[in-house]
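K.L.:
Structure in structure tokens, see below.
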Amino acid sequence: MSQNNQHNELLYELFGALCNETITAEQHQQLEEILATDVDAREKYFNYLDLHLNLERLHDEQPEAEFEFQPHVKPATQAQSLPEHVWKTSQVLLLMSALICVTLIVSVVALNQPQGPSSEISQADPVVEDVPVAKVTQTAAVRFAEGAPFLKVGSPIKTDQEYAISAGQLQLIFANGAEVILTGPAVFESKDGEHLAVRYGACSVYAPDGAEGFTVETPLSNVVDYGTRFSVNVSEAGNTDVQVIEGETDVQPVKLDPNCDVTPKRLTRGMAQRLTTNNGLVVDEIPFDQDQYVSQLPDRIVTYTTTKGPGKRAQDLKCVTVQRGGKQYQYEVEDLIGIELTHYTGKSFLTRNDGIDPGNDGDPQTLRRHLLDQDTCLLTGVVNPGGATKPLTTAPVMNPIEDPNQPNTPGMAVRFLKPIVNDAGPDIVLFDLQVIVHNTTGDAFYVTPLPFSSKLKTHKIEQFDIDLASPEAQLLEKFWLHIFNQSPQEKQNHTDAIHSLSELETATGNGGNWHVVGAKALAVGIDLSDLGVPAGETVDGIFLQDALDNHDIVDPVFIAGFPPLKHTTDK
């Protein structure tokens with residue numbers, strides 16, 4: 001049996017177990033990992049769910065005396081997030097779906113088996129590949145609507161396939177060169193390589209030379225480009241606003257009835273129009289609003305690449321792609337500016353799956369702080385730092401050994417091996433290990449520039465650029481969590497077990513536990529401008545505190561600075 005046949009058999013076995021509610025935890029994780037990385041498997045998955053839905057519809061047409069069940073349907077919202085509930089079917093439906101599943105598997109296997117000399121082989125029809133009309137080139141804080149196809153950078157846009165995002169932004173590039181940025185919530189589909197249908201939401205279009213004639217279809221109009229930049233905003237009722245930033249477009253109203261006398265109109269730079277329905281189609285001129293046009297996605301951490309561990313999951317950081325000043329730059333990890341951990345109060349640290357604690361390995365050259373400041377591993381770090389509910393307004397206290405008369409400030413501090421320049425866009429990148437059942441947007445934290453002064457300020461980060469729901473977030477290999485022993489008073493007051501850097505290296509803990517719940521690596525860019533640092537000036541380090549807004553605490557596993565832009569190469 002070929003590997004492809006085995007893979008298909010495994011897929012349908014997992015699909016059947018999921019829909020029949022017999023799936024085990026291991027099978028559930030296996031299916032989740034396959035769907036997160038295999039586009040073809042996701043398509044088979046949605047087709048399989050459609051098959052079950054059709055069976056349910058067939059069942060609904062039968063007399064109640066023959067079938068007594070109530071379908072409970074909640075399709076997958078993303079490739080990485082499986083449905084919490086599956087359909088409960090009668091024995092008849094289970095038998096039917098099992099027979100269909102077996103038939104599909106047998107058919108796939110039979111088609112791929114080598115034919116003997118005496119076999120009659122008919123000439124198969126040539127397979128016509130579904131050529132994508134566009135591709136996803138960027139995403140930013142995107143969220144996919146329930147049941148919608150999951151898209152990431154590089155994903156193809158297929159014809160006559162409806163896509164829906166509930167938040168965030170997607171950038172598409174069509175085969176003719178037209179660039180489109182969709183802002184959620186939005187529902188759209190592509191008719192061909194020169195035609196985008198926007199059912200709901202906002203899109204901004206740039207059609208360079210060669211892309212003339214690109215059309216955005218809305219419920220009330222067709223907006224035809226003639227080498228321009230324009231925006232289209234469609235309400236849930238189908239009402240459409242068109243704003244022309246430069247160049248020309250033709251707005252062709254849809255004839256809602258044969259007596260409609262509204263004619264097409266060519267809009268030029270600085271013109272705007274609204275189409276609504278009010279006892280027929282109504283077209284009005286509206287004030288021009290240039291802010292409706294989105295020229296680019298925000299500066300942010302775009303994506304990252306890693307090595308893969310034994311479980312084929314992310315392990316060590318290799319490179320980071322970041323947008324700075326509207327342009328993307330790719331940095332190899334060795335080109336980033338490293339750090340030194342200079343202060344820590346907190347509760348725990350992370351090690352690789354070998355569970356080795358640097359504080360107990362007998363090697364004086366290995367320290368626990370090096371889990372953060374001397375490796376590129378996204379599984380290791382000095383985590384769960386202390387925090388505060390309000391931002392710092394004075395310089396933090398950071399004695400190597402805590403003075404009882406002047407307690408250290410809860411949190412952690414790092415010093416960069418070179419000063420970090422406040423340049424365009426993000427200047428620092430921070431990776432956080434986030435367990436998959438925790439806050440989707442990441443754990444909020446405060447960041448303060450060091451050295452601190454009254455001219456600078458503390459900034460609160462509440463949303464990661466790459467968070468748990470991001471298509472760019474990668475699943476991590478398993479790791480060990482080491483928790484420091486707390487005194488009864490510390491437990492009662494929910495305070496830190498470690499109060500200084502020296503305690504970090506000498507304190508005893510629980511010996512470590514293998515963390516069985518999956519986690520992903522989140523990433524966020526820190527712009528020094530948000531900390532009050534003037535453009536072109538530098539900082540030596542940063543001070544981090546958890547925002548203490550819930551029971552989960554930020555887990556920094558990698559922090560580094562970006563070199564000044566003059567030393568980088570445009571991607």
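Each chain in the structure tokens gets a letter, A, B, ..., in the order shown, and its residues are numbered from 1; ligands are numbered from 1 in order too.
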Can you pull out every residue within 7 Å of Pro385 (chain A), counting only C-alpha atoms, but drop anything in the same chain fewer than 5 positions away, and send it as a VMD selection string?
P.N.:
chain A and resid 344 to 347 411 to 412 545 to 546
K.L.:
Residues as selected, C-alpha atoms, written as an mmCIF file, in the first residue's frame, can you do that?
P.N.:
data_model
loop_
_atom_site.group_PDB
_atom_site.id
_atom_site.type_symbol
_atom_site.label_atom_id
_atom_site.label_comp_id
_atom_site.auth_asym_id
_atom_site.auth_seq_id
_atom_site.Cartn_x
_atom_site.Cartn_y
_atom_site.Cartn_z
ATOM 1 C CA TYR A 344 13.975 38.605 38.005
ATOM 2 C CA THR A 345 11.187 38.032 40.484
ATOM 3 C CA GLY A 346 8.780 35.235 39.693
ATOM 4 C CA LYS A 347 7.732 31.642 40.024
ATOM 5 C CA GLY A 411 9.111 41.771 37.207
ATOM 6 C CA MET A 412 12.124 41.059 35.044
ATOM 7 C CA GLN A 545 5.849 43.156 34.295
ATOM 8 C CA ASP A 546 2.780 41.010 33.864
#
K.L.:
DSSP on the backbone: what in region 312-503 of chain A comes out alpha helix (DSSP H), as an NGL selection string?
P.N.:
:A and (370-373 or 488-493 or 501-503)
K.L.:
Mind checking which residues fall within 8 Å of region 441-448 of chain A, counting only C-alpha atoms, ignoring those fewer than 2 positions away in the same chain, and posting them as a count of residues only?
P.N.:
33
K.L.:
For region 292-294 of chain A, list every protein, DNA or RNA residue within 10 Å, evaluated using only C-alpha atoms, and leave out those in the same chain fewer than 6 positions away; present the list as a PDB file with N, CA and C atoms, in the first residue's frame.
P.N.:
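And here's around-v3.pdb as it stands now:
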ATOM      1  N   VAL A 180      -5.197  43.594  -3.167  1.00  0.00           N
ATOM      2  CA  VAL A 180      -6.419  43.876  -2.409  1.00  0.00           C
ATOM      3  C   VAL A 180      -6.154  43.643  -0.936  1.00  0.00           C
ATOM      4  N   ILE A 181      -6.566  44.591  -0.108  1.00  0.00           N
ATOM      5  CA  ILE A 181      -6.531  44.424   1.348  1.00  0.00           C
ATOM      6  C   ILE A 181      -7.969  44.402   1.843  1.00  0.00           C
ATOM      7  N   LEU A 182      -8.354  43.301   2.462  1.00  0.00           N
ATOM      8  CA  LEU A 182      -9.694  43.149   3.035  1.00  0.00           C
ATOM      9  C   LEU A 182      -9.619  43.324   4.537  1.00  0.00           C
ATOM     10  N   THR A 183     -10.535  44.081   5.085  1.00  0.00           N
ATOM     11  CA  THR A 183     -10.588  44.347   6.515  1.00  0.00           C
ATOM     12  C   THR A 183     -11.855  43.729   7.092  1.00  0.00           C
ATOM     13  N   ALA A 202     -15.041  45.769   4.029  1.00  0.00           N
ATOM     14  CA  ALA A 202     -14.252  46.816   3.381  1.00  0.00           C
ATOM     15  C   ALA A 202     -13.075  46.209   2.649  1.00  0.00           C
ATOM     16  N   CYS A 203     -12.800  46.743   1.461  1.00  0.00           N
ATOM     17  CA  CYS A 203     -11.598  46.333   0.737  1.00  0.00           C
ATOM     18  C   CYS A 203     -10.977  47.546   0.081  1.00  0.00           C
ATOM     19  N   SER A 204      -9.666  47.513  -0.025  1.00  0.00           N
ATOM     20  CA  SER A 204      -8.908  48.569  -0.692  1.00  0.00           C
ATOM     21  C   SER A 204      -8.140  47.932  -1.839  1.00  0.00           C
ATOM     22  N   VAL A 205      -8.203  48.539  -3.016  1.00  0.00           N
ATOM     23  CA  VAL A 205      -7.644  47.946  -4.224  1.00  0.00           C
ATOM     24  C   VAL A 205      -6.577  48.859  -4.816  1.00  0.00           C
ATOM     25  N   TYR A 206      -5.455  48.256  -5.177  1.00  0.00           N
ATOM     26  CA  TYR A 206      -4.437  48.937  -5.972  1.00  0.00           C
ATOM     27  C   TYR A 206      -4.246  48.125  -7.242  1.00  0.00           C
ATOM     28  N   ARG A 229      -6.342  53.498  -7.478  1.00  0.00           N
ATOM     29  CA  ARG A 229      -6.479  53.052  -6.090  1.00  0.00           C
ATOM     30  C   ARG A 229      -7.868  53.487  -5.630  1.00  0.00           C
ATOM     31  N   PHE A 230      -8.609  52.541  -5.103  1.00  0.00           N
ATOM     32  CA  PHE A 230      -9.950  52.880  -4.630  1.00  0.00           C
ATOM     33  C   PHE A 230     -10.333  51.956  -3.479  1.00  0.00           C
ATOM     34  N   SER A 231     -11.349  52.369  -2.734  1.00  0.00           N
ATOM     35  CA  SER A 231     -11.862  51.551  -1.641  1.00  0.00           C
ATOM     36  C   SER A 231     -13.340  51.311  -1.848  1.00  0.00           C
ATOM     37  N   VAL A 232     -13.779  50.152  -1.362  1.00  0.00           N
ATOM     38  CA  VAL A 232     -15.189  49.779  -1.413  1.00  0.00           C
ATOM     39  C   VAL A 232     -15.580  49.298  -0.022  1.00  0.00           C
ATOM     40  N   ASN A 233     -16.715  49.795   0.470  1.00  0.00           N
ATOM     41  CA  ASN A 233     -17.200  49.385   1.787  1.00  0.00           C
ATOM     42  C   ASN A 233     -18.659  48.974   1.645  1.00  0.00           C
ATOM     43  N   ASP A 241     -20.290  51.977  -0.477  1.00  0.00           N
ATOM     44  CA  ASP A 241     -19.556  53.233  -0.621  1.00  0.00           C
ATOM     45  C   ASP A 241     -18.327  52.981  -1.479  1.00  0.00           C
ATOM     46  N   VAL A 242     -18.077  53.884  -2.438  1.00  0.00           N
ATOM     47  CA  VAL A 242     -16.899  53.803  -3.290  1.00  0.00           C
ATOM     48  C   VAL A 242     -16.119  55.106  -3.157  1.00  0.00           C
ATOM     49  N   GLN A 243     -14.826  54.995  -2.861  1.00  0.00           N
ATOM     50  CA  GLN A 243     -13.953  56.170  -2.730  1.00  0.00           C
ATOM     51  C   GLN A 243     -12.767  55.976  -3.687  1.00  0.00           C
ATOM     52  N   VAL A 244     -12.518  56.968  -4.537  1.00  0.00           N
ATOM     53  CA  VAL A 244     -11.419  56.868  -5.497  1.00  0.00           C
ATOM     54  C   VAL A 244     -10.250  57.723  -4.996  1.00  0.00           C
ATOM     55  N   ILE A 245      -9.147  57.069  -4.727  1.00  0.00           N
ATOM     56  CA  ILE A 245      -7.969  57.759  -4.190  1.00  0.00           C
ATOM     57  C   ILE A 245      -7.148  58.381  -5.312  1.00  0.00           C
TER      58      ILE A 245
END
K.L.:
Can you check which residues of region 397-556 of chain A DSSP gives as strand (DSSP E or B) on the backbone and send them as a PyMOL selection string?
P.N.:
chain A and resi 403+406+412-421+428-435+445-450+459-461+466+474-476+479-484+498+509+513-515+519-526+538-546+556
K.L.:
Env of Asp261 (chain A): 12 Å cut, atoms = only C-alpha atoms, seq-sep filter 5 positions within chain, self excluded. Answer as a list in words.
P.N.:
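In the requested form, the answer reads Gln252, Pro253, Val254, Lys255, Leu256, Gly280, Leu281, Val282 and Val283 of chain A.
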K.L.:
From the set A:Gln315, A:Asn384, A:Asp160, A:Leu336, which residue has the shortest atom-to-atom contact distance to His551 (chain A), counting only C-alpha atoms?
P.N.:
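Among A:Gln315, A:Asn384, A:Asp160, A:Leu336, it is A:Asn384 that comes nearest to His551 (chain A).
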